[in-house]
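Visitor: Starting off with a structure, shown below.
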Amino acid sequence: MSITARQAAFLILLKIEKDKAYSNIALDSAVRAYSLDSTDCAFISRLVYGVTERKITLDYVISGFLKQPIKKLKTEVLVILRLGTYQILFMDKIPESAAVNESVLLAKNNKCDFASGLVNAVLRKVSEEGKEILELLSGEERISVLYSAPLELVKFLKYHYNEENAEMILKSALEPKEITIRVNTLKTTEDELIDILKEENLTAKKTFFKNALTLDTKGAVYESEAYKKGLFYVEDISSQICVSELELKENDKFIDICSAPGGKSFTASQYMNDKGEIYSCDIHSHRVELIKSGAERLGIKVIKPTKNDATIYNSDFQNADCVLCDVPCSGLGIIGKKPEIKYKSLDEIKDLIPIQKQILSTASRYVKKGGTLIYSTCSINPNENRKVCDWFLKENNDFVSVRVAHEIERCIDEGDYLTLTPHINKCDGFFIAKFKRKL
């Protein structure tokens with residue numbers, strides 16, 4: 001089925017808006033359904049993610065040129081206006097006239113002829129005065145609108161991290177992202193992999209963290225021969241730092257209690273030189289299969305993919321040297337990769353905290369005396385991070401806190417705990433706490 005790039009972007013965004021679908025899932029589904037070349041895919045991806053992550057900004061500008069509340073617009077018309085406004089304000093290589101005319105055409109081709117005049121008029125105003133409207137903002141509203149974050153989230157981040165850090169966290173979420181990969185040291189080295197990828201026209205660069213590389217490319221990483229041969233896997237530096245803090249060694253028994261899709265277990269196997277026991281767990285069978293297939297591709301033998309409910313004690317896991325609880329969380333640290341997350345109410349997080357506490361408490365029972373327990377999330381919300389860990393220490397006097405990664409710069413001082421933030425640490429927002437069980 002043939003379809004224009006803008007029409008595809010419109011249909012994807014409409015599905016996201018109406019069905020509350022995740023942008024990455026809706027985009028992947030569309031790529032499979034339509035006959036799209038690589039250039040179209042890149043353009044569509046830019047439009048879909050751009051409109052999604054800038055939604056508050058776009059609606060604010062559009063509202064400035066409407067004679068009616070934006071909520072009264074038909075959803076199809078609103079999506080078309082967002083698409084046009086995004087192209088005008090944030091895509092310098094698109095002529096503004098083309099953005100306007102193509103948006104009008106979208107309206108006519110999607111049973112919105114009645115709104116073609118409105119689309120034309122509003123977008124011409126956006127072209128003339130849209131940037132000036134944004135320059136008039138001030139205070140918390142400025143941060144909210146410029147970085148497309150709900151005012152509730154702005155206030156929350158400002159309270160916990162101060163205004164400057166709050167703004168930088170939200171700003172960094174909108175910046176282009178490089179792909180971070182982990183070298184499979186069981187098969188190759190940093191330098192060897194860089195040379196191998198270069199032959200495939202993939203440019204890899206070293207980072208501050210050993211065996212973590214960034215790919216400055218828009219190529220199909222998962223289609224590369226190096227990937228298929230298991231020479232690397234995609235994993236953010238934050239997760240790699242987390243695993244390094246376990247201080248694993250050969251023949252250890254390690255429990256990765258919420259493992260899927262398995263990246264941290266894969267990294268752990270390297271520190272263990274693929275010797276010992278790694279139980280990589282998930283509650284869902286299909287996600288356990290992801291761990292299994294990933295380990296097979298990488299040639300890792302030490303991993304035991306295991307279906308397990310992290311909230312229920314499992315006697316097979318007792319007497320472990322190290323346990324990692326990378327618990328289900330709000331995902332507030334990865335809004336740059338999953339922009340939909342930032343639009344959710346912070347109240348939704350409250351339901352996660354009892355589960356996080358239960359998983360941490362259950363997992364702690366597996367740690368042998370002198371063993372290591374790590375609690376982590378891809379969130380920067382202290383309520384599901386620092387406060388959960390403070391609670392755990394009060395409830396379990398046989399564990400002590402250990403300072404995480406002395407050498408890494410911190411956005412805020414949380415004692416032994418570490419919250420990584422994208423604007424300072426150039427990685428996902430991520431929280432790590434480390435505990436030792438007393439001898």
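In the structure tokens, each chain is lettered A, B, ... as it comes, each chain's residues begin at 1, and ligands are numbered from 1 in order of appearance.
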Once you count only C-alpha atoms, what closest atom pair and distance in Å to one decimal does each residue of range 265-373 of chain A within 12 Å of range 198-213 of chain A have, with rows by chain and rising residue number, as a tab-separated table?

Guide:
residue	atom	partner	partner_atom	distance
A:Thr267	CA	A:Asn211	CA	10.0
A:Gln270	CA	A:Asn211	CA	10.6
A:Tyr271	CA	A:Asn211	CA	11.6

Visitor: Quick one: residues within 7 Å of Ile335 in chain A, only C-alpha atoms, excluding same-chain residues fewer than 5 positions away - as a PyMOL selection string?

Guide: chain A and resi 173+341-342

Visitor: Could those residues be written to a file, using N, CA, C and O atoms, as a JSON list (two decimals), in the first residue's frame?

Guide:
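Output file out-v2.json follows:
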[["chain", "number", "residue", "atom", "x", "y", "z"],
["A", 173, "ALA", "N", 15.83, 16.47, 27.27],
["A", 173, "ALA", "CA", 14.92, 15.43, 26.77],
["A", 173, "ALA", "C", 14.52, 15.68, 25.32],
["A", 173, "ALA", "O", 14.12, 14.75, 24.61],
["A", 341, "ILE", "N", 5.46, 9.65, 28.31],
["A", 341, "ILE", "CA", 5.54, 9.49, 29.76],
["A", 341, "ILE", "C", 5.37, 10.82, 30.48],
["A", 341, "ILE", "O", 4.73, 10.88, 31.54],
["A", 342, "LYS", "N", 5.92, 11.88, 29.93],
["A", 342, "LYS", "CA", 5.89, 13.16, 30.65],
["A", 342, "LYS", "C", 4.49, 13.76, 30.74],
["A", 342, "LYS", "O", 4.26, 14.67, 31.55]]

Visitor: Between A:Ile44, A:Pro69, A:Glu340, A:Ile237, single out the one closest to Tyr22 in chain A, counting only C-alpha atoms.

Guide: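 Smallest distance to Tyr22 in chain A is found for A:Glu340.
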
Visitor: Could you go through range 336-386 of chain A and tell me which residues DSSP, when run on the backbone, assigns to helix (DSSP H, G or I), listing them as a list of chain:residue names?

Guide: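 Everything in range 336-386 of chain A that counts as helix (DSSP H, G or I) is A:Pro339, A:Glu340, A:Ile341, A:Lys342, A:Tyr343, A:Leu346, A:Asp347, A:Glu348, A:Ile349, A:Lys350, A:Asp351, A:Leu352, A:Ile353, A:Pro354, A:Ile355, A:Gln356, A:Lys357, A:Gln358, A:Ile359, A:Leu360, A:Ser361, A:Thr362, A:Ala363, A:Ser364, A:Pro382, A:Asn383, A:Glu384, A:Arg386.
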
Visitor: Pull C-alpha atoms from the residues just selected and write them as a tab-separated table (two decimals), in the first residue's frame.

Guide:
chain	number	residue	atom	x	y	z
A	339	PRO	CA	7.88	11.39	25.37
A	340	GLU	CA	4.37	10.15	26.21
A	341	ILE	CA	5.54	9.49	29.76
A	342	LYS	CA	5.89	13.16	30.65
A	343	TYR	CA	2.21	13.81	29.97
A	346	LEU	CA	2.31	12.14	38.76
A	347	ASP	CA	-0.49	10.62	40.85
A	348	GLU	CA	-0.20	7.43	38.78
A	349	ILE	CA	3.23	6.81	40.31
A	350	LYS	CA	1.72	6.27	43.77
A	351	ASP	CA	0.36	2.88	42.71
A	352	LEU	CA	3.87	1.69	41.80
A	353	ILE	CA	5.53	2.40	45.15
A	354	PRO	CA	3.99	-0.52	47.13
A	355	ILE	CA	5.07	-2.90	44.33
A	356	GLN	CA	8.59	-1.46	44.34
A	357	LYS	CA	8.84	-1.92	48.09
A	358	GLN	CA	7.55	-5.49	47.90
A	359	ILE	CA	9.99	-6.46	45.17
A	360	LEU	CA	12.92	-4.93	47.05
A	361	SER	CA	11.94	-6.65	50.31
A	362	THR	CA	11.48	-10.03	48.62
A	363	ALA	CA	14.75	-9.74	46.68
A	364	SER	CA	16.71	-8.83	49.81
A	382	PRO	CA	12.70	10.71	44.63
A	383	ASN	CA	9.41	9.22	45.86
A	384	GLU	CA	10.09	5.94	44.05
A	386	ARG	CA	15.43	7.67	47.63

Visitor: Restricting the calculation to only C-alpha atoms: of A:Ala268, A:Val221, A:Leu231, A:Ile25, which residue gets closest to Val302 in chain A?

Guide: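 Nearest candidate to Val302 in chain A out of A:Ala268, A:Val221, A:Leu231, A:Ile25: A:Ala268.
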
Visitor: Residues at most 10 Å from Asp28 in chain A, counting only C-alpha atoms, excluding those fewer than 5 positions away in the same chain, as a list in words?

Guide: Ile12, Ser23, Ala33, Cys41 and Ser45 of chain A

Visitor: Excluding same-chain residues fewer than 2 positions from range 311-324 of chain A, what lies within 9 Å of it counting only C-alpha atoms, as a VMD selection string?

Guide: chain A and resid 242 to 243 246 to 248 252 to 259 279 308 to 309 326 to 327 355 to 356 358 to 376

Visitor: Selection from above, N, CA, C and O atoms, as a short mmCIF file (atom, residue, chain, number, x, y, z; two decimals), in the first residue's frame, can you write it?

Guide:
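Saved as again.cif:
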data_model
loop_
_atom_site.label_atom_id
_atom_site.label_comp_id
_atom_site.auth_asym_id
_atom_site.auth_seq_id
_atom_site.Cartn_x
_atom_site.Cartn_y
_atom_site.Cartn_z
N CYS A 242 25.20 0.79 36.46
CA CYS A 242 24.46 0.04 37.47
C CYS A 242 25.05 -1.35 37.66
O CYS A 242 25.31 -1.79 38.79
N VAL A 243 25.29 -2.06 36.58
CA VAL A 243 25.82 -3.42 36.67
C VAL A 243 27.24 -3.42 37.22
O VAL A 243 27.62 -4.30 38.01
N LEU A 246 27.74 -3.82 40.94
CA LEU A 246 27.54 -5.13 41.58
C LEU A 246 28.87 -5.79 41.93
O LEU A 246 28.93 -6.67 42.78
N GLU A 247 29.93 -5.38 41.22
CA GLU A 247 31.28 -5.94 41.45
C GLU A 247 31.29 -7.47 41.33
O GLU A 247 31.83 -8.19 42.15
N LEU A 248 30.67 -7.94 40.26
CA LEU A 248 30.58 -9.38 40.00
C LEU A 248 31.92 -9.98 39.61
O LEU A 248 32.77 -9.30 39.04
N ASP A 252 30.16 -16.35 40.55
CA ASP A 252 29.15 -15.78 41.44
C ASP A 252 27.77 -16.31 41.08
O ASP A 252 27.53 -16.76 39.95
N LYS A 253 26.87 -16.23 42.04
CA LYS A 253 25.45 -16.49 41.80
C LYS A 253 24.75 -15.13 41.80
O LYS A 253 24.77 -14.41 42.79
N PHE A 254 24.15 -14.77 40.67
CA PHE A 254 23.56 -13.45 40.49
C PHE A 254 22.10 -13.58 40.08
O PHE A 254 21.76 -14.33 39.16
N ILE A 255 21.23 -12.83 40.76
CA ILE A 255 19.80 -12.81 40.44
C ILE A 255 19.44 -11.45 39.88
O ILE A 255 19.57 -10.43 40.56
N ASP A 256 19.00 -11.43 38.62
CA ASP A 256 18.51 -10.21 37.98
C ASP A 256 16.99 -10.32 38.00
O ASP A 256 16.37 -10.93 37.14
N ILE A 257 16.37 -9.73 39.03
CA ILE A 257 15.00 -10.08 39.40
C ILE A 257 13.95 -9.52 38.44
O ILE A 257 12.85 -10.07 38.32
N CYS A 258 14.24 -8.40 37.75
CA CYS A 258 13.33 -7.85 36.73
C CYS A 258 14.17 -7.60 35.49
O CYS A 258 14.50 -6.46 35.17
N SER A 259 14.49 -8.64 34.77
CA SER A 259 15.59 -8.60 33.80
C SER A 259 15.22 -8.16 32.38
O SER A 259 16.00 -7.47 31.73
N TYR A 279 20.43 -15.89 37.06
CA TYR A 279 19.00 -16.10 36.88
C TYR A 279 18.40 -14.78 36.38
O TYR A 279 18.36 -13.78 37.11
N ASN A 308 9.31 -15.73 36.58
CA ASN A 308 9.24 -15.59 38.04
C ASN A 308 8.49 -14.31 38.40
O ASN A 308 8.65 -13.28 37.76
N ASP A 309 7.68 -14.39 39.44
CA ASP A 309 7.00 -13.23 40.00
C ASP A 309 7.90 -12.61 41.06
O ASP A 309 8.17 -13.23 42.10
N ASP A 326 15.91 -4.00 39.36
CA ASP A 326 15.62 -2.87 38.46
C ASP A 326 14.11 -2.86 38.29
O ASP A 326 13.56 -3.42 37.35
N VAL A 327 13.43 -2.23 39.23
CA VAL A 327 11.99 -2.42 39.39
C VAL A 327 11.14 -1.65 38.38
O VAL A 327 11.59 -0.67 37.80
N ILE A 355 4.49 -1.79 45.10
CA ILE A 355 5.07 -2.90 44.33
C ILE A 355 6.59 -2.84 44.40
O ILE A 355 7.27 -3.86 44.59
N GLN A 356 7.14 -1.63 44.27
CA GLN A 356 8.59 -1.46 44.34
C GLN A 356 9.13 -1.91 45.70
O GLN A 356 10.14 -2.60 45.78
N GLN A 358 7.72 -4.04 47.74
CA GLN A 358 7.55 -5.49 47.90
C GLN A 358 8.63 -6.25 47.16
O GLN A 358 9.18 -7.25 47.66
N ILE A 359 8.95 -5.80 45.95
CA ILE A 359 9.99 -6.46 45.17
C ILE A 359 11.34 -6.34 45.87
O ILE A 359 12.10 -7.31 45.99
N LEU A 360 11.65 -5.14 46.36
CA LEU A 360 12.92 -4.93 47.05
C LEU A 360 13.02 -5.79 48.31
O LEU A 360 14.06 -6.42 48.58
N SER A 361 11.94 -5.84 49.07
CA SER A 361 11.94 -6.65 50.31
C SER A 361 12.10 -8.13 50.00
O SER A 361 12.88 -8.84 50.66
N THR A 362 11.39 -8.61 48.99
CA THR A 362 11.48 -10.03 48.62
C THR A 362 12.89 -10.36 48.12
O THR A 362 13.49 -11.36 48.51
N ALA A 363 13.42 -9.50 47.27
CA ALA A 363 14.75 -9.74 46.68
C ALA A 363 15.84 -9.74 47.75
O ALA A 363 16.83 -10.48 47.63
N SER A 364 15.68 -8.93 48.77
CA SER A 364 16.71 -8.83 49.81
C SER A 364 16.89 -10.16 50.53
O SER A 364 17.97 -10.44 51.07
N ARG A 365 15.86 -10.99 50.54
CA ARG A 365 15.92 -12.28 51.23
C ARG A 365 16.83 -13.28 50.50
O ARG A 365 17.24 -14.29 51.07
N TYR A 366 17.16 -12.99 49.24
CA TYR A 366 18.02 -13.88 48.47
C TYR A 366 19.51 -13.62 48.72
O TYR A 366 20.34 -14.45 48.38
N VAL A 367 19.84 -12.45 49.26
CA VAL A 367 21.23 -12.03 49.38
C VAL A 367 21.91 -12.72 50.56
O VAL A 367 21.43 -12.66 51.69
N LYS A 368 23.03 -13.35 50.29
CA LYS A 368 23.76 -14.01 51.38
C LYS A 368 24.48 -12.97 52.24
O LYS A 368 24.62 -11.80 51.84
N LYS A 369 24.95 -13.34 53.41
CA LYS A 369 25.69 -12.43 54.28
C LYS A 369 26.96 -11.98 53.55
O LYS A 369 27.69 -12.79 53.00
N GLY A 370 27.18 -10.67 53.56
CA GLY A 370 28.31 -10.10 52.84
C GLY A 370 28.02 -9.83 51.38
O GLY A 370 28.85 -9.28 50.65
N GLY A 371 26.81 -10.23 50.91
CA GLY A 371 26.44 -10.06 49.51
C GLY A 371 25.94 -8.66 49.20
O GLY A 371 25.74 -7.82 50.09
N THR A 372 25.74 -8.41 47.92
CA THR A 372 25.36 -7.08 47.43
C THR A 372 23.95 -7.07 46.87
O THR A 372 23.54 -7.98 46.14
N LEU A 373 23.21 -6.02 47.20
CA LEU A 373 21.86 -5.79 46.69
C LEU A 373 21.82 -4.41 46.06
O LEU A 373 22.24 -3.44 46.68
N ILE A 374 21.33 -4.34 44.83
CA ILE A 374 21.18 -3.04 44.16
C ILE A 374 19.72 -2.83 43.78
O ILE A 374 19.05 -3.73 43.28
N TYR A 375 19.26 -1.61 44.07
CA TYR A 375 17.91 -1.17 43.70
C TYR A 375 18.09 -0.08 42.66
O TYR A 375 18.85 0.87 42.87
N SER A 376 17.38 -0.20 41.53
CA SER A 376 17.51 0.83 40.49
C SER A 376 16.18 1.06 39.78
O SER A 376 15.30 0.20 39.77
#

Visitor: For Tyr147 in chain A, work out the shell of residues within 8 Å, counting only C-alpha atoms and skipping chain neighbours fewer than 4 positions away, then give it as a list in words.

Guide: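 Neighbouring residues, sequence-local ones excluded: Arg54, Thr57, Ile143, Leu170, Lys171 and Leu174 of chain A.
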
Visitor: Write out as an MDAnalysis selection string each polymer residue whose atoms come within 9 Å of range 137-140 of chain A, counting only C-alpha atoms; drop sequence neighbours fewer than 5 positions from it.

Guide: chainID A and resid 145:146 151 154:155 163

Visitor: When DSSP is applied to the backbone of this structure, which of range 193-327 of chain A are assigned strand (DSSP E)? Write them out as a PyMOL selection string.

Guide: chain A and resi 204-206+212-215+232-234+252-256+276-282+303-307+320-326

Visitor: Could you write out that same residue set with N, CA and C atoms as an mmCIF file, in the first residue's frame?

Guide:
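Once everything was written out, this is selection02.cif:
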data_model
loop_
_atom_site.group_PDB
_atom_site.id
_atom_site.type_symbol
_atom_site.label_atom_id
_atom_site.label_comp_id
_atom_site.auth_asym_id
_atom_site.auth_seq_id
_atom_site.Cartn_x
_atom_site.Cartn_y
_atom_site.Cartn_z
ATOM 1 N N ALA A 204 31.218 4.465 15.297
ATOM 2 C CA ALA A 204 31.138 4.272 16.744
ATOM 3 C C ALA A 204 32.233 5.070 17.435
ATOM 4 N N LYS A 205 31.896 5.653 18.589
ATOM 5 C CA LYS A 205 32.855 6.451 19.352
ATOM 6 C C LYS A 205 32.891 5.977 20.802
ATOM 7 N N LYS A 206 34.069 6.056 21.408
ATOM 8 C CA LYS A 206 34.222 5.692 22.807
ATOM 9 C C LYS A 206 33.582 6.758 23.696
ATOM 10 N N ALA A 212 31.436 1.041 26.564
ATOM 11 C CA ALA A 212 30.206 1.691 26.106
ATOM 12 C C ALA A 212 30.561 2.593 24.923
ATOM 13 N N LEU A 213 29.900 2.376 23.803
ATOM 14 C CA LEU A 213 30.145 3.165 22.602
ATOM 15 C C LEU A 213 28.867 3.874 22.176
ATOM 16 N N THR A 214 29.024 5.012 21.515
ATOM 17 C CA THR A 214 27.858 5.666 20.917
ATOM 18 C C THR A 214 27.938 5.531 19.412
ATOM 19 N N LEU A 215 26.792 5.376 18.796
ATOM 20 C CA LEU A 215 26.709 5.282 17.345
ATOM 21 C C LEU A 215 26.133 6.576 16.807
ATOM 22 N N PHE A 232 27.645 -6.867 19.836
ATOM 23 C CA PHE A 232 27.194 -5.784 20.705
ATOM 24 C C PHE A 232 25.696 -5.867 20.910
ATOM 25 N N TYR A 233 25.204 -5.077 21.846
ATOM 26 C CA TYR A 233 23.773 -4.922 22.062
ATOM 27 C C TYR A 233 23.526 -3.494 22.524
ATOM 28 N N VAL A 234 22.320 -3.031 22.345
ATOM 29 C CA VAL A 234 21.974 -1.656 22.728
ATOM 30 C C VAL A 234 21.723 -1.610 24.231
ATOM 31 N N ASP A 252 30.164 -16.351 40.554
ATOM 32 C CA ASP A 252 29.153 -15.775 41.442
ATOM 33 C C ASP A 252 27.773 -16.314 41.081
ATOM 34 N N LYS A 253 26.866 -16.233 42.043
ATOM 35 C CA LYS A 253 25.446 -16.487 41.799
ATOM 36 C C LYS A 253 24.748 -15.135 41.803
ATOM 37 N N PHE A 254 24.152 -14.774 40.667
ATOM 38 C CA PHE A 254 23.560 -13.452 40.487
ATOM 39 C C PHE A 254 22.097 -13.582 40.076
ATOM 40 N N ILE A 255 21.233 -12.830 40.757
ATOM 41 C CA ILE A 255 19.796 -12.813 40.440
ATOM 42 C C ILE A 255 19.435 -11.446 39.878
ATOM 43 N N ASP A 256 19.004 -11.430 38.617
ATOM 44 C CA ASP A 256 18.506 -10.206 37.976
ATOM 45 C C ASP A 256 16.987 -10.320 38.003
ATOM 46 N N GLY A 276 29.542 -19.157 36.215
ATOM 47 C CA GLY A 276 28.742 -18.986 37.413
ATOM 48 C C GLY A 276 27.276 -19.226 37.125
ATOM 49 N N GLU A 277 26.407 -18.490 37.824
ATOM 50 C CA GLU A 277 24.959 -18.623 37.629
ATOM 51 C C GLU A 277 24.313 -17.243 37.531
ATOM 52 N N ILE A 278 23.544 -17.034 36.495
ATOM 53 C CA ILE A 278 22.746 -15.813 36.364
ATOM 54 C C ILE A 278 21.302 -16.227 36.124
ATOM 55 N N TYR A 279 20.426 -15.886 37.063
ATOM 56 C CA TYR A 279 18.996 -16.097 36.877
ATOM 57 C C TYR A 279 18.398 -14.781 36.384
ATOM 58 N N SER A 280 17.963 -14.767 35.123
ATOM 59 C CA SER A 280 17.392 -13.566 34.514
ATOM 60 C C SER A 280 15.879 -13.731 34.445
ATOM 61 N N CYS A 281 15.169 -12.908 35.204
ATOM 62 C CA CYS A 281 13.746 -13.176 35.463
ATOM 63 C C CYS A 281 12.792 -12.152 34.863
ATOM 64 N N ASP A 282 11.608 -12.648 34.546
ATOM 65 C CA ASP A 282 10.479 -11.780 34.203
ATOM 66 C C ASP A 282 9.206 -12.567 34.460
ATOM 67 N N ILE A 303 23.562 -17.570 31.472
ATOM 68 C CA ILE A 303 22.242 -17.029 31.803
ATOM 69 C C ILE A 303 21.159 -18.119 31.788
ATOM 70 N N LYS A 304 20.325 -18.096 32.834
ATOM 71 C CA LYS A 304 19.175 -18.996 32.929
ATOM 72 C C LYS A 304 17.896 -18.150 32.875
ATOM 73 N N PRO A 305 17.299 -17.971 31.687
ATOM 74 C CA PRO A 305 16.056 -17.202 31.589
ATOM 75 C C PRO A 305 14.966 -17.886 32.414
ATOM 76 N N THR A 306 14.331 -17.117 33.307
ATOM 77 C CA THR A 306 13.426 -17.723 34.288
ATOM 78 C C THR A 306 12.132 -16.931 34.418
ATOM 79 N N LYS A 307 11.009 -17.617 34.274
ATOM 80 C CA LYS A 307 9.724 -16.967 34.538
ATOM 81 C C LYS A 307 9.515 -16.925 36.050
ATOM 82 N N ALA A 320 22.394 -15.888 47.262
ATOM 83 C CA ALA A 320 23.001 -15.258 46.085
ATOM 84 C C ALA A 320 24.099 -14.282 46.498
ATOM 85 N N ASP A 321 25.129 -14.191 45.667
ATOM 86 C CA ASP A 321 26.207 -13.227 45.909
ATOM 87 C C ASP A 321 25.730 -11.805 45.617
ATOM 88 N N CYS A 322 24.956 -11.666 44.555
ATOM 89 C CA CYS A 322 24.473 -10.350 44.147
ATOM 90 C C CYS A 322 23.044 -10.446 43.629
ATOM 91 N N VAL A 323 22.252 -9.441 43.957
ATOM 92 C CA VAL A 323 20.874 -9.361 43.465
ATOM 93 C C VAL A 323 20.621 -7.950 42.948
ATOM 94 N N LEU A 324 20.009 -7.869 41.777
ATOM 95 C CA LEU A 324 19.656 -6.574 41.181
ATOM 96 C C LEU A 324 18.148 -6.460 41.067
ATOM 97 N N CYS A 325 17.603 -5.375 41.636
ATOM 98 C CA CYS A 325 16.176 -5.062 41.513
ATOM 99 C C CYS A 325 16.035 -3.814 40.648
ATOM 100 N N ASP A 326 15.911 -4.000 39.360
ATOM 101 C CA ASP A 326 15.618 -2.874 38.462
ATOM 102 C C ASP A 326 14.107 -2.863 38.288
#

Visitor: List as a PyMOL selection string the protein and nucleic acid residues near Leu106 in chain A, meaning an atom at most 9 Å away when only C-alpha atoms are counted, but skip any in the same chain fewer than 3 places from it.

Guide: chain A and resi 6-7+10+80+101-103+109-112+116

Visitor: Which value, in Å to one decimal, gives the distance between CA of His284 in chain A and CA of Tyr49 in chain A?

Guide: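 Pair CA of His284 in chain A / CA of Tyr49 in chain A returns 28.4 Å.
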
Visitor: Record the distance separating CA of Lys93 in chain A and CA of Phe43 in chain A, expressed in Å with one decimal.

Guide: 11.4 Å

Visitor: So the first atom is CA of Lys55 in chain A and the second is CA of Ala9 in chain A; what is the distance between them in Å, to one decimal place?

Guide: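 Between CA of Lys55 in chain A and CA of Ala9 in chain A the gap is 14.5 Å.
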
Visitor: Just checking: using only C-alpha atoms, which residue out of A:Ser2, A:Ser148, A:Ala115, A:Thr75 ends up closest to Ile56 in chain A?

Guide: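 Smallest distance to Ile56 in chain A is found for A:Ser148.
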
Visitor: Which one is closest to Asp216 in chain A: A:Glu178, A:Glu190, A:Asp274, A:Glu235? Count only C-alpha atoms.

Guide: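 The shortest atom-to-atom distance to Asp216 in chain A comes from A:Glu178.
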
Visitor: From the options A:Asn165, A:Gln68, A:Ser38, A:Ser172, which residue's atoms come nearest to Lys426 in chain A, counting only C-alpha atoms?

Guide: A:Ser172
